[in-house]
$ cat work25.cif   # mmCIF, C-alpha atoms (C1' of nucleotides)
data_final
loop_
_atom_site.label_atom_id
_atom_site.label_comp_id
_atom_site.auth_asym_id
_atom_site.auth_seq_id
_atom_site.Cartn_x
_atom_site.Cartn_y
_atom_site.Cartn_z
CA MET W 1 -63.83 -79.82 -110.78
CA PRO W 2 -66.69 -81.05 -112.92
CA VAL W 3 -66.27 -83.66 -115.61
CA LEU W 4 -68.16 -82.59 -118.72
CA LEU W 5 -70.18 -85.35 -120.29
CA LYS W 6 -70.18 -85.73 -124.06
CA ALA W 7 -73.11 -84.05 -125.78
CA LYS W 8 -74.92 -87.33 -126.46
CA GLU W 9 -74.87 -88.20 -122.78
CA ASN W 10 -76.60 -85.00 -121.76
CA GLU W 11 -80.30 -85.09 -121.03
CA THR W 12 -82.96 -82.50 -121.60
CA LYS W 13 -84.83 -81.02 -118.68
CA PRO W 14 -87.63 -83.38 -117.70
CA ASP W 15 -89.51 -81.46 -115.02
CA LEU W 16 -90.24 -78.10 -116.60
CA PRO W 17 -92.91 -77.44 -119.23
CA VAL W 18 -91.27 -76.79 -122.60
CA GLY W 19 -92.03 -73.08 -122.45
CA GLN W 20 -90.11 -72.69 -119.20
CA ARG W 21 -86.92 -74.42 -120.18
CA GLY W 22 -85.22 -71.25 -121.33
CA THR W 23 -82.54 -71.67 -123.93
CA CYS W 24 -80.38 -74.12 -122.03
CA GLU W 25 -81.57 -77.64 -122.71
CA ILE W 26 -78.87 -79.56 -120.92
CA THR W 27 -79.88 -80.96 -117.58
CA PHE W 28 -76.84 -82.59 -116.17
CA VAL W 29 -73.35 -81.41 -116.85
CA ASN W 30 -72.37 -83.76 -114.09
CA ARG W 31 -75.27 -86.11 -113.44
CA LYS W 32 -73.80 -87.90 -110.46
CA LYS W 33 -72.95 -84.70 -108.64
CA VAL W 34 -76.36 -83.18 -109.27
CA GLU W 35 -78.12 -86.28 -107.97
CA GLU W 36 -75.93 -86.33 -104.88
CA VAL W 37 -76.84 -82.75 -104.12
CA LYS W 38 -80.51 -83.41 -104.82
CA LYS W 39 -80.55 -86.03 -102.08
CA ARG W 40 -79.31 -83.54 -99.52
CA LEU W 41 -81.77 -80.74 -100.30
CA LYS W 42 -83.34 -79.34 -97.15
CA PRO W 43 -87.14 -79.32 -96.87
CA ASP W 44 -88.80 -76.24 -98.30
CA SER W 45 -90.30 -75.37 -94.93
CA THR W 46 -86.85 -75.20 -93.36
CA ILE W 47 -85.43 -73.08 -96.16
CA ASN W 48 -88.44 -70.76 -96.06
CA GLN W 49 -88.13 -70.24 -92.32
CA LEU W 50 -84.43 -69.56 -92.70
CA ALA W 51 -85.09 -67.10 -95.52
CA GLU W 52 -87.66 -65.30 -93.36
CA SER W 53 -85.10 -64.96 -90.58
CA PHE W 54 -82.44 -63.54 -92.89
CA LYS W 55 -85.02 -61.25 -94.48
CA VAL W 56 -85.77 -59.80 -91.06
CA LEU W 57 -82.05 -59.22 -90.51
CA GLY W 58 -81.81 -57.67 -93.97
CA ASP W 59 -82.98 -54.22 -92.94
CA SER W 60 -80.58 -51.65 -91.52
CA THR W 61 -83.08 -50.33 -88.98
CA ARG W 62 -83.69 -53.80 -87.55
CA LEU W 63 -79.99 -54.64 -87.69
CA LYS W 64 -79.19 -51.58 -85.62
CA MET W 65 -81.80 -52.71 -83.12
CA ILE W 66 -80.26 -56.15 -82.99
CA TYR W 67 -76.88 -54.57 -82.43
CA VAL W 68 -77.89 -52.19 -79.63
CA LEU W 69 -79.84 -55.00 -77.97
CA SER W 70 -76.69 -57.12 -78.07
CA GLN W 71 -75.10 -54.40 -75.93
CA ALA W 72 -77.85 -53.83 -73.36
CA GLU W 73 -81.45 -54.45 -72.38
CA LEU W 74 -83.37 -51.43 -73.66
CA CYS W 75 -86.91 -50.07 -73.72
CA VAL W 76 -88.73 -48.84 -76.83
CA CYS W 77 -88.04 -45.21 -75.96
CA ASP W 78 -84.30 -45.74 -75.58
CA ILE W 79 -84.03 -47.56 -78.88
CA ALA W 80 -86.01 -44.82 -80.62
CA THR W 81 -83.72 -42.15 -79.23
CA LEU W 82 -80.55 -44.09 -79.94
CA LEU W 83 -81.50 -44.66 -83.57
CA GLY W 84 -83.38 -41.43 -84.29
CA LEU W 85 -86.72 -43.13 -84.96
CA THR W 86 -90.29 -42.67 -83.79
CA ASP W 87 -91.55 -44.98 -81.06
CA SER W 88 -94.15 -46.28 -83.48
CA ALA W 89 -91.57 -47.33 -86.06
CA VAL W 90 -89.51 -49.03 -83.35
CA SER W 91 -92.52 -50.85 -81.95
CA HIS W 92 -93.53 -52.10 -85.40
CA GLN W 93 -90.05 -53.43 -86.07
CA LEU W 94 -89.76 -54.98 -82.62
CA ARG W 95 -92.91 -56.94 -83.30
CA ILE W 96 -91.37 -58.32 -86.48
CA LEU W 97 -88.23 -59.26 -84.55
CA ARG W 98 -90.37 -60.88 -81.84
CA ASN W 99 -92.33 -62.89 -84.38
CA MET W 100 -89.11 -64.39 -85.70
CA ARG W 101 -87.91 -65.09 -82.15
CA LEU W 102 -84.94 -62.79 -82.65
CA VAL W 103 -85.75 -60.68 -79.58
CA LYS W 104 -87.72 -61.24 -76.42
CA TYR W 105 -89.05 -58.76 -73.86
CA ARG W 106 -90.28 -58.35 -70.33
CA LYS W 107 -92.95 -55.94 -69.19
CA ASP W 108 -92.34 -53.73 -66.14
CA GLY W 109 -95.24 -51.37 -65.58
CA LYS W 110 -95.66 -49.26 -68.67
CA MET W 111 -92.22 -50.13 -69.95
CA ALA W 112 -91.20 -52.99 -72.21
CA TYR W 113 -87.57 -54.07 -71.98
CA TYR W 114 -86.12 -55.93 -74.93
CA THR W 115 -83.12 -58.24 -75.31
CA LEU W 116 -81.87 -60.69 -77.93
CA ASP W 117 -83.70 -64.00 -77.81
CA ASP W 118 -80.67 -66.31 -77.87
CA GLY W 119 -76.98 -66.51 -78.60
CA HIS W 120 -77.39 -67.54 -82.23
CA ILE W 121 -78.59 -64.06 -83.09
CA GLU W 122 -75.44 -62.36 -81.92
CA ASN W 123 -73.36 -65.04 -83.64
CA LEU W 124 -75.16 -64.35 -86.91
CA PHE W 125 -74.50 -60.65 -86.53
CA LYS W 126 -70.82 -61.18 -85.79
CA GLU W 127 -70.27 -63.69 -88.58
CA GLY W 128 -71.99 -61.34 -91.03
CA LEU W 129 -69.75 -58.53 -89.83
CA ARG W 130 -66.70 -60.66 -90.49
CA HIS W 131 -67.81 -61.22 -94.08
CA VAL W 132 -68.51 -57.51 -94.63
CA GLU W 133 -65.34 -56.21 -92.97
CA GLU W 134 -63.06 -58.77 -94.59
CA LYS W 135 -60.56 -57.62 -97.23
CA MET V 1 -81.46 -55.14 -65.42
CA PRO V 2 -82.08 -51.44 -65.93
CA VAL V 3 -82.30 -48.95 -63.13
CA LEU V 4 -85.26 -46.62 -63.69
CA LEU V 5 -84.45 -42.98 -63.09
CA LYS V 6 -86.92 -40.80 -61.24
CA ALA V 7 -89.28 -38.81 -63.43
CA LYS V 8 -87.55 -35.51 -62.76
CA GLU V 9 -84.28 -36.92 -64.01
CA ASN V 10 -85.73 -37.90 -67.37
CA GLU V 11 -85.06 -35.70 -70.38
CA THR V 12 -87.23 -35.02 -73.38
CA LYS V 13 -86.03 -36.08 -76.79
CA PRO V 14 -83.64 -33.45 -78.12
CA ASP V 15 -82.93 -34.58 -81.67
CA LEU V 16 -86.36 -35.08 -83.23
CA PRO V 17 -88.68 -32.26 -84.35
CA VAL V 18 -91.68 -32.04 -81.99
CA GLY V 19 -94.00 -33.57 -84.56
CA GLN V 20 -91.91 -36.73 -84.77
CA ARG V 21 -91.56 -37.43 -81.10
CA GLY V 22 -94.56 -39.71 -80.99
CA THR V 23 -96.26 -39.98 -77.62
CA CYS V 24 -93.25 -41.09 -75.59
CA GLU V 25 -91.34 -38.07 -74.34
CA ILE V 26 -88.83 -39.81 -72.15
CA THR V 27 -85.39 -40.08 -73.64
CA PHE V 28 -83.35 -41.99 -71.17
CA VAL V 29 -84.75 -44.60 -68.89
CA ASN V 30 -81.17 -45.39 -68.12
CA ARG V 31 -79.03 -42.53 -69.38
CA LYS V 32 -75.67 -44.07 -68.62
CA LYS V 33 -76.49 -47.29 -70.43
CA VAL V 34 -77.84 -45.50 -73.48
CA GLU V 35 -74.74 -43.34 -73.74
CA GLU V 36 -72.49 -46.36 -73.39
CA VAL V 37 -74.31 -48.08 -76.27
CA LYS V 38 -74.25 -44.90 -78.35
CA LYS V 39 -70.45 -44.87 -78.19
CA ARG V 40 -70.27 -48.37 -79.64
CA LEU V 41 -72.64 -47.79 -82.56
CA LYS V 42 -71.17 -49.15 -85.80
CA PRO V 43 -70.83 -46.76 -88.75
CA ASP V 44 -73.91 -46.57 -90.97
CA SER V 45 -71.92 -47.78 -93.96
CA THR V 46 -71.00 -50.99 -92.15
CA ILE V 47 -74.55 -51.62 -90.99
CA ASN V 48 -75.90 -50.92 -94.47
CA GLN V 49 -73.48 -53.33 -96.09
CA LEU V 50 -74.37 -55.97 -93.54
CA ALA V 51 -78.08 -55.39 -94.10
CA GLU V 52 -77.57 -55.77 -97.85
CA SER V 53 -75.83 -59.09 -97.29
CA PHE V 54 -78.60 -60.44 -95.07
CA LYS V 55 -81.21 -59.13 -97.49
CA VAL V 56 -79.61 -61.16 -100.26
CA LEU V 57 -79.72 -64.23 -98.02
CA GLY V 58 -83.34 -63.46 -97.16
CA ASP V 59 -84.84 -65.06 -100.25
CA SER V 60 -85.59 -68.77 -100.41
CA THR V 61 -84.48 -69.10 -104.03
CA ARG V 62 -81.10 -67.57 -103.32
CA LEU V 63 -80.80 -69.47 -100.07
CA LYS V 64 -81.31 -72.76 -101.92
CA MET V 65 -78.61 -71.71 -104.35
CA ILE V 66 -76.27 -70.95 -101.48
CA TYR V 67 -77.01 -74.35 -100.04
CA VAL V 68 -76.49 -76.39 -103.20
CA LEU V 69 -73.31 -74.45 -103.90
CA SER V 70 -72.08 -75.37 -100.44
CA GLN V 71 -72.36 -79.00 -101.57
CA ALA V 72 -70.74 -78.78 -105.00
CA GLU V 73 -69.44 -76.55 -107.75
CA LEU V 74 -72.34 -76.21 -110.20
CA CYS V 75 -73.16 -74.54 -113.51
CA VAL V 76 -76.21 -72.38 -114.17
CA CYS V 77 -78.03 -75.25 -115.90
CA ASP V 78 -77.53 -77.66 -113.03
CA ILE V 79 -78.78 -75.17 -110.48
CA ALA V 80 -81.83 -74.42 -112.61
CA THR V 81 -82.66 -78.11 -112.88
CA LEU V 82 -82.02 -78.81 -109.22
CA LEU V 83 -84.30 -76.01 -108.10
CA GLY V 84 -86.92 -76.10 -110.86
CA LEU V 85 -86.16 -72.61 -112.17
CA THR V 86 -85.47 -71.06 -115.54
CA ASP V 87 -81.85 -70.40 -116.45
CA SER V 88 -82.70 -66.73 -116.66
CA ALA V 89 -84.00 -66.55 -113.12
CA VAL V 90 -80.94 -68.41 -111.87
CA SER V 91 -78.57 -66.15 -113.76
CA HIS V 92 -80.25 -63.03 -112.38
CA GLN V 93 -79.99 -64.29 -108.83
CA LEU V 94 -76.40 -65.43 -109.28
CA ARG V 95 -75.48 -61.92 -110.33
CA ILE V 96 -76.98 -60.58 -107.12
CA LEU V 97 -75.04 -63.17 -105.12
CA ARG V 98 -71.87 -62.27 -107.03
CA ASN V 99 -72.33 -58.56 -106.37
CA MET V 100 -72.44 -59.23 -102.63
CA ARG V 101 -69.37 -61.49 -102.90
CA LEU V 102 -71.40 -64.44 -101.66
CA VAL V 103 -70.50 -66.61 -104.65
CA LYS V 104 -67.69 -66.62 -107.18
CA TYR V 105 -67.39 -68.38 -110.54
CA ARG V 106 -64.99 -69.58 -113.16
CA LYS V 107 -65.63 -69.67 -116.88
CA ASP V 108 -64.87 -72.83 -118.85
CA GLY V 109 -65.89 -72.42 -122.48
CA LYS V 110 -69.60 -71.67 -122.57
CA MET V 111 -70.10 -72.86 -119.03
CA ALA V 112 -69.91 -70.85 -115.81
CA TYR V 113 -69.18 -72.84 -112.66
CA TYR V 114 -70.20 -71.30 -109.37
CA THR V 115 -69.04 -71.88 -105.78
CA LEU V 116 -69.39 -70.06 -102.49
CA ASP V 117 -67.04 -67.11 -102.17
CA ASP V 118 -65.65 -67.88 -98.72
CA GLY V 119 -66.18 -69.84 -95.54
CA HIS V 120 -68.20 -67.14 -93.78
CA ILE V 121 -71.11 -67.77 -96.11
CA GLU V 122 -71.49 -71.40 -95.13
CA ASN V 123 -71.05 -70.46 -91.47
CA LEU V 124 -73.87 -67.94 -91.78
CA PHE V 125 -76.10 -70.56 -93.38
CA LYS V 126 -75.32 -73.11 -90.68
CA GLU V 127 -75.74 -70.68 -87.78
CA GLY V 128 -79.06 -69.54 -89.22
CA LEU V 129 -80.12 -73.17 -89.53
CA ARG V 130 -79.31 -73.72 -85.88
CA HIS V 131 -81.57 -70.84 -84.89
CA VAL V 132 -84.43 -72.08 -87.07
CA GLU V 133 -84.17 -75.73 -86.11
CA GLU V 134 -83.78 -75.05 -82.38
CA LYS V 135 -86.59 -75.94 -80.00
"C1'" DG I 1 -68.69 -67.56 -142.29
"C1'" DT I 2 -73.56 -69.90 -139.94
"C1'" DA I 3 -76.16 -72.48 -136.45
"C1'" DA I 4 -76.61 -74.03 -131.91
"C1'" DT I 5 -76.43 -73.11 -127.18
"C1'" DA I 6 -74.82 -71.62 -122.25
"C1'" DT I 7 -75.14 -67.59 -119.91
"C1'" DA I 8 -76.26 -62.63 -119.12
"C1'" DT I 9 -79.19 -58.65 -118.91
"C1'" DG I 10 -82.91 -54.86 -119.70
"C1'" DA I 11 -87.75 -53.84 -119.26
"C1'" DA I 12 -92.00 -54.49 -117.16
"C1'" DC I 13 -95.24 -56.24 -114.06
"C1'" DA I 14 -97.28 -58.05 -109.73
"C1'" DG I 15 -96.35 -58.66 -105.14
"C1'" DT I 16 -94.06 -57.20 -100.91
"C1'" DT I 17 -92.03 -53.99 -97.46
"C1'" DG I 18 -91.04 -49.96 -94.18
"C1'" DT I 19 -92.60 -45.82 -92.71
"C1'" DT I 20 -96.06 -42.46 -91.17
"C1'" DC I 21 -100.30 -41.12 -89.10
"C1'" DA I 22 -104.07 -41.90 -86.32
"C1'" DT I 23 -105.75 -44.42 -82.83
"C1'" DA I 24 -106.15 -48.01 -79.27
"C1'" DC I 25 -104.57 -50.24 -75.14
"C1'" DA I 26 -102.37 -50.41 -70.60
"C1'" DT I 27 -100.44 -48.55 -66.54
"C1'" DC I 28 -99.69 -44.99 -63.20
"C1'" DA I 29 -100.52 -40.64 -60.57
"C1'" DA I 30 -103.63 -37.62 -58.62
"C1'" DT Y 1 -112.59 -41.43 -61.79
"C1'" DT Y 2 -109.53 -38.48 -65.16
"C1'" DG Y 3 -105.42 -37.28 -67.52
"C1'" DA Y 4 -100.79 -38.38 -68.77
"C1'" DT Y 5 -97.80 -41.47 -70.91
"C1'" DG Y 6 -95.27 -45.84 -72.76
"C1'" DT Y 7 -96.28 -49.09 -76.01
"C1'" DA Y 8 -98.90 -51.51 -79.74
"C1'" DT Y 9 -101.28 -51.80 -84.06
"C1'" DG Y 10 -104.30 -50.98 -88.43
"C1'" DA Y 11 -104.51 -48.49 -92.73
"C1'" DA Y 12 -102.39 -46.37 -96.51
"C1'" DC Y 13 -98.81 -45.03 -99.42
"C1'" DA Y 14 -94.37 -44.86 -101.84
"C1'" DA Y 15 -90.45 -47.55 -102.67
"C1'" DC Y 16 -88.42 -51.83 -103.57
"C1'" DT Y 17 -88.02 -56.87 -105.17
"C1'" DG Y 18 -88.27 -61.31 -107.91
"C1'" DT Y 19 -89.88 -63.29 -111.83
"C1'" DT Y 20 -90.85 -63.55 -116.79
"C1'" DC Y 21 -90.08 -62.51 -121.51
"C1'" DA Y 22 -87.38 -60.92 -125.09
"C1'" DT Y 23 -83.02 -60.16 -126.51
"C1'" DA Y 24 -77.91 -59.84 -126.35
"C1'" DT Y 25 -73.32 -61.80 -125.80
"C1'" DA Y 26 -69.97 -65.41 -126.08
"C1'" DT Y 27 -68.24 -69.82 -127.24
"C1'" DT Y 28 -68.26 -74.17 -129.88
"C1'" DA Y 29 -69.18 -77.09 -133.89
"C1'" DC Y 30 -69.76 -77.29 -138.57
#
$ encode --input "work25.cif" --output "structure tokens"
Amino acid sequence: MPVLLKAKENETKPDLPVGQRGTCEITFVNRKKVEEVKKRLKPDSTINQLAESFKVLGDSTRLKMIYVLSQAELCVCDIATLLGLTDSAVSHQLRILRNMRLVKYRKDGKMAYYTLDDGHIENLFKEGLRHVEEK
Amino acid sequence: MPVLLKAKENETKPDLPVGQRGTCEITFVNRKKVEEVKKRLKPDSTINQLAESFKVLGDSTRLKMIYVLSQAELCVCDIATLLGLTDSAVSHQLRILRNMRLVKYRKDGKMAYYTLDDGHIENLFKEGLRHVEEK
DNA sequence: GTAATATATGAACAGTTGTTCATACATCAA
DNA sequence: TTGATGTATGAACAACTGTTCATATATTAC
């Protein structure tokens, strides 16, 4: 629980130009806590990469692909049939999943067989499912 | 590893109108496997909810909020200062996070103090981090 | 009551995203 | 070689998203 400082102990926002401060002019309701958290902030590059990964998972078409690939190694055609999509749409999405290292594939003649890239991906799916199905 | 059926055993796609079949006319490279996976498909509503949740996590601003809220209970002002955002932007994003039950809040006078809604959220963040930071 | 202020929200705008269509590439059969 | 076919990709378009600005609501101090 936060300890509210008295009004005179509050500080106005130092980093933002005046025009961007909005209406709230108090910086630290709990200065110590805010500074503690500030120290632990992850680098922007890490957060951005993480956001990109979640963004890629944040599409129902791609999520279905992730799910069916957690069940079996499948080719583009099979995924398209399973999900009622064109091969083109599937191929486009698979490239996005590949770029984020969420799936990998092996070529066998004309066919390309896809699987999940590593165990974290399935864990993410399952943990997300727990959140959604809870309550 | 998939067992390729002979060409004569393949079947053309039954569900899509001809115009949407793309160039690939083979439905089942491994019919048995595809049918097995089809049985286990999650309901669309579940997948859609899950996609919505990941979508909400797929934005670096919101992800930073999730992270700082995993460290401490914070008010709108503190989050805005920590992340260099306007209060308005923070409030908008917090509403989105609230709608997906990713954060919850308590009101104390004028202030609104936010925390993560449940443990799954932090687990998702950490598991995602593991994927990103790996290798 | 009025003024100050912490938070919330609607509208609007620029930027991004997913699909489709056409086409290219790659492999195999004949 | 030629044609068939499984996959990949560029362009274009509609649909969606995050921020900003203005404004509204709610609480506190006076």
$ atom_distance --input "work25.cif" --atom1 "atom CA of Ile66 of chain W" --atom2 "atom CA of Leu94 of chain W"
9.6 Å
$ interface_residues --input "work25.cif" --of "chain I" --to "chain W" --cutoff "10 Å" --atoms "all atoms listed in the file" --output "list in words"
DT5, DA6, DT7, DG18, DT19, DT20, DC21, DA26, DT27 and DC28 of chain I
$ write_last_selection --input "work25.cif" --atoms "C-alpha atoms (C1' of nucleotides)" --output "compact mmCIF listing (two decimals), in the frame of the given file"
# COMPACT_ATOMS: atom_id res chain seq x y z
C1' DT I 5 -76.43 -73.11 -127.18
C1' DA I 6 -74.82 -71.62 -122.25
C1' DT I 7 -75.14 -67.59 -119.91
C1' DG I 18 -91.04 -49.96 -94.18
C1' DT I 19 -92.60 -45.82 -92.71
C1' DT I 20 -96.06 -42.46 -91.17
C1' DC I 21 -100.30 -41.12 -89.10
C1' DA I 26 -102.37 -50.41 -70.60
C1' DT I 27 -100.44 -48.55 -66.54
C1' DC I 28 -99.69 -44.99 -63.20
$ closest_atom_pairs --input "work25.cif" --of "chain Y" --to "chain W" --cutoff "9 Å" --atoms "all atoms listed in the file" --output "tab-separated table"
residue	atom	partner	partner_atom	distance
Y:DT5	C1'	W:Lys110	CA	8.4
Y:DG6	C1'	W:Lys110	CA	5.3
Y:DT7	C1'	W:Ser91	CA	7.2
Y:DA8	C1'	W:Ser91	CA	6.8
Y:DT9	C1'	W:His92	CA	7.9
$ interface_residues --input "work25.cif" --of "chain W" --to "chain V" --cutoff "6 Å" --atoms "all atoms listed in the file" --output "list in words"
Arg21, Gly22, Phe28, Asn48, Ala51, Phe54, Lys55, Leu57, Gly58, Asp59, Ser60, Asp78, Thr86, His120 and His131 of chain W
$ atom_distance --input "work25.cif" --atom1 "atom CA of Glu122 of chain W" --atom2 "atom CA of Leu97 of chain W"
13.4 Å
$ resolve_selection --input "work25.cif" --expression "the PyMOL selection byres ((chain I and resi 14) around 10)" --output "list in words"
DA12, DC13, DG15 and DT16 of chain I; DG18 and DT19 of chain Y
$ atom_distance --input "work25.cif" --atom1 "atom C1' of DA3 of chain I" --atom2 "atom C1' of DT25 of chain Y"
15.3 Å
$ resolve_selection --input "work25.cif" --expression "the PyMOL selection byres ((chain Y and resi 29) around 12)" --output "ChimeraX atom specification"
/W:7 /I:2-5 /Y:27-28,30
$ residues_around --input "work25.cif" --residues "DA11 of chain I" --least-positions-apart "2" --cutoff "12 Å" --atoms "all atoms listed in the file" --output "list of chain:residue names"
I:DT9, I:DC13, Y:DT20, Y:DC21, Y:DA22, Y:DT23
$ axis_aligned_box --input "work25.cif" --around "segment 10-25 of chain Y" --padding-each-side "3 Å" --output "lines of an AutoDock Vina configuration file"
center_x = -88.9
center_y = -54.2
center_z = -107.5
size_x = 37.2
size_y = 24.7
size_z = 44.1
$ resolve_selection --input "work25.cif" --expression "the PyMOL selection byres ((chain Y and resi 1) around 12)" --output "count of residues only"
3
$ decode --input "work25.cif" --residues "segment 70-92 of chain V" --atoms "N, CA and C atoms" --output "tab-separated table (two decimals), in the first residue's frame"
chain	number	residue	atom	x	y	z
V	70	SER	N	4.25	-5.06	-12.17
V	70	SER	CA	4.67	-6.32	-11.54
V	70	SER	C	5.65	-6.03	-10.41
V	71	GLN	N	6.19	-4.81	-10.38
V	71	GLN	CA	7.16	-4.42	-9.35
V	71	GLN	C	6.49	-3.71	-8.18
V	72	ALA	N	5.41	-2.98	-8.45
V	72	ALA	CA	4.79	-2.20	-7.38
V	72	ALA	C	3.39	-1.76	-7.77
V	73	GLU	N	2.58	-1.48	-6.76
V	73	GLU	CA	1.28	-0.87	-7.00
V	73	GLU	C	1.51	0.60	-7.29
V	74	LEU	N	0.98	1.10	-8.39
V	74	LEU	CA	1.27	2.47	-8.83
V	74	LEU	C	0.02	3.21	-9.28
V	75	CYS	N	0.05	4.55	-9.13
V	75	CYS	CA	-1.07	5.35	-9.62
V	75	CYS	C	-0.78	5.81	-11.04
V	76	VAL	N	-1.78	6.36	-11.68
V	76	VAL	CA	-1.65	6.80	-13.08
V	76	VAL	C	-0.49	7.77	-13.25
V	77	CYS	N	-0.40	8.74	-12.33
V	77	CYS	CA	0.67	9.74	-12.38
V	77	CYS	C	2.05	9.12	-12.35
V	78	ASP	N	2.24	8.18	-11.44
V	78	ASP	CA	3.56	7.55	-11.30
V	78	ASP	C	3.94	6.80	-12.56
V	79	ILE	N	2.99	6.08	-13.13
V	79	ILE	CA	3.27	5.34	-14.36
V	79	ILE	C	3.64	6.30	-15.48
V	80	ALA	N	2.89	7.39	-15.57
V	80	ALA	CA	3.15	8.38	-16.62
V	80	ALA	C	4.56	8.93	-16.49
V	81	THR	N	4.96	9.25	-15.27
V	81	THR	CA	6.29	9.79	-15.04
V	81	THR	C	7.36	8.75	-15.35
V	82	LEU	N	7.15	7.55	-14.84
V	82	LEU	CA	8.12	6.47	-15.05
V	82	LEU	C	8.37	6.23	-16.52
V	83	LEU	N	7.32	6.30	-17.32
V	83	LEU	CA	7.44	5.89	-18.72
V	83	LEU	C	7.49	7.07	-19.68
V	84	GLY	N	7.44	8.31	-19.13
V	84	GLY	CA	7.52	9.47	-20.01
V	84	GLY	C	6.31	9.64	-20.91
V	85	LEU	N	5.12	9.42	-20.35
V	85	LEU	CA	3.89	9.52	-21.14
V	85	LEU	C	2.94	10.53	-20.51
V	86	THR	N	1.95	10.96	-21.25
V	86	THR	CA	0.92	11.81	-20.67
V	86	THR	C	-0.02	10.94	-19.82
V	87	ASP	N	-0.68	11.59	-18.86
V	87	ASP	CA	-1.63	10.85	-18.03
V	87	ASP	C	-2.75	10.28	-18.89
V	88	SER	N	-3.12	11.05	-19.90
V	88	SER	CA	-4.21	10.61	-20.78
V	88	SER	C	-3.85	9.31	-21.48
V	89	ALA	N	-2.68	9.28	-22.06
V	89	ALA	CA	-2.24	8.06	-22.76
V	89	ALA	C	-2.23	6.88	-21.81
V	90	VAL	N	-1.71	7.11	-20.61
V	90	VAL	CA	-1.64	6.03	-19.62
V	90	VAL	C	-3.04	5.54	-19.25
V	91	SER	N	-3.94	6.49	-19.04
V	91	SER	CA	-5.29	6.13	-18.63
V	91	SER	C	-6.00	5.32	-19.73
V	92	HIS	N	-5.81	5.75	-20.97
V	92	HIS	CA	-6.38	4.99	-22.09
V	92	HIS	C	-5.87	3.55	-22.11
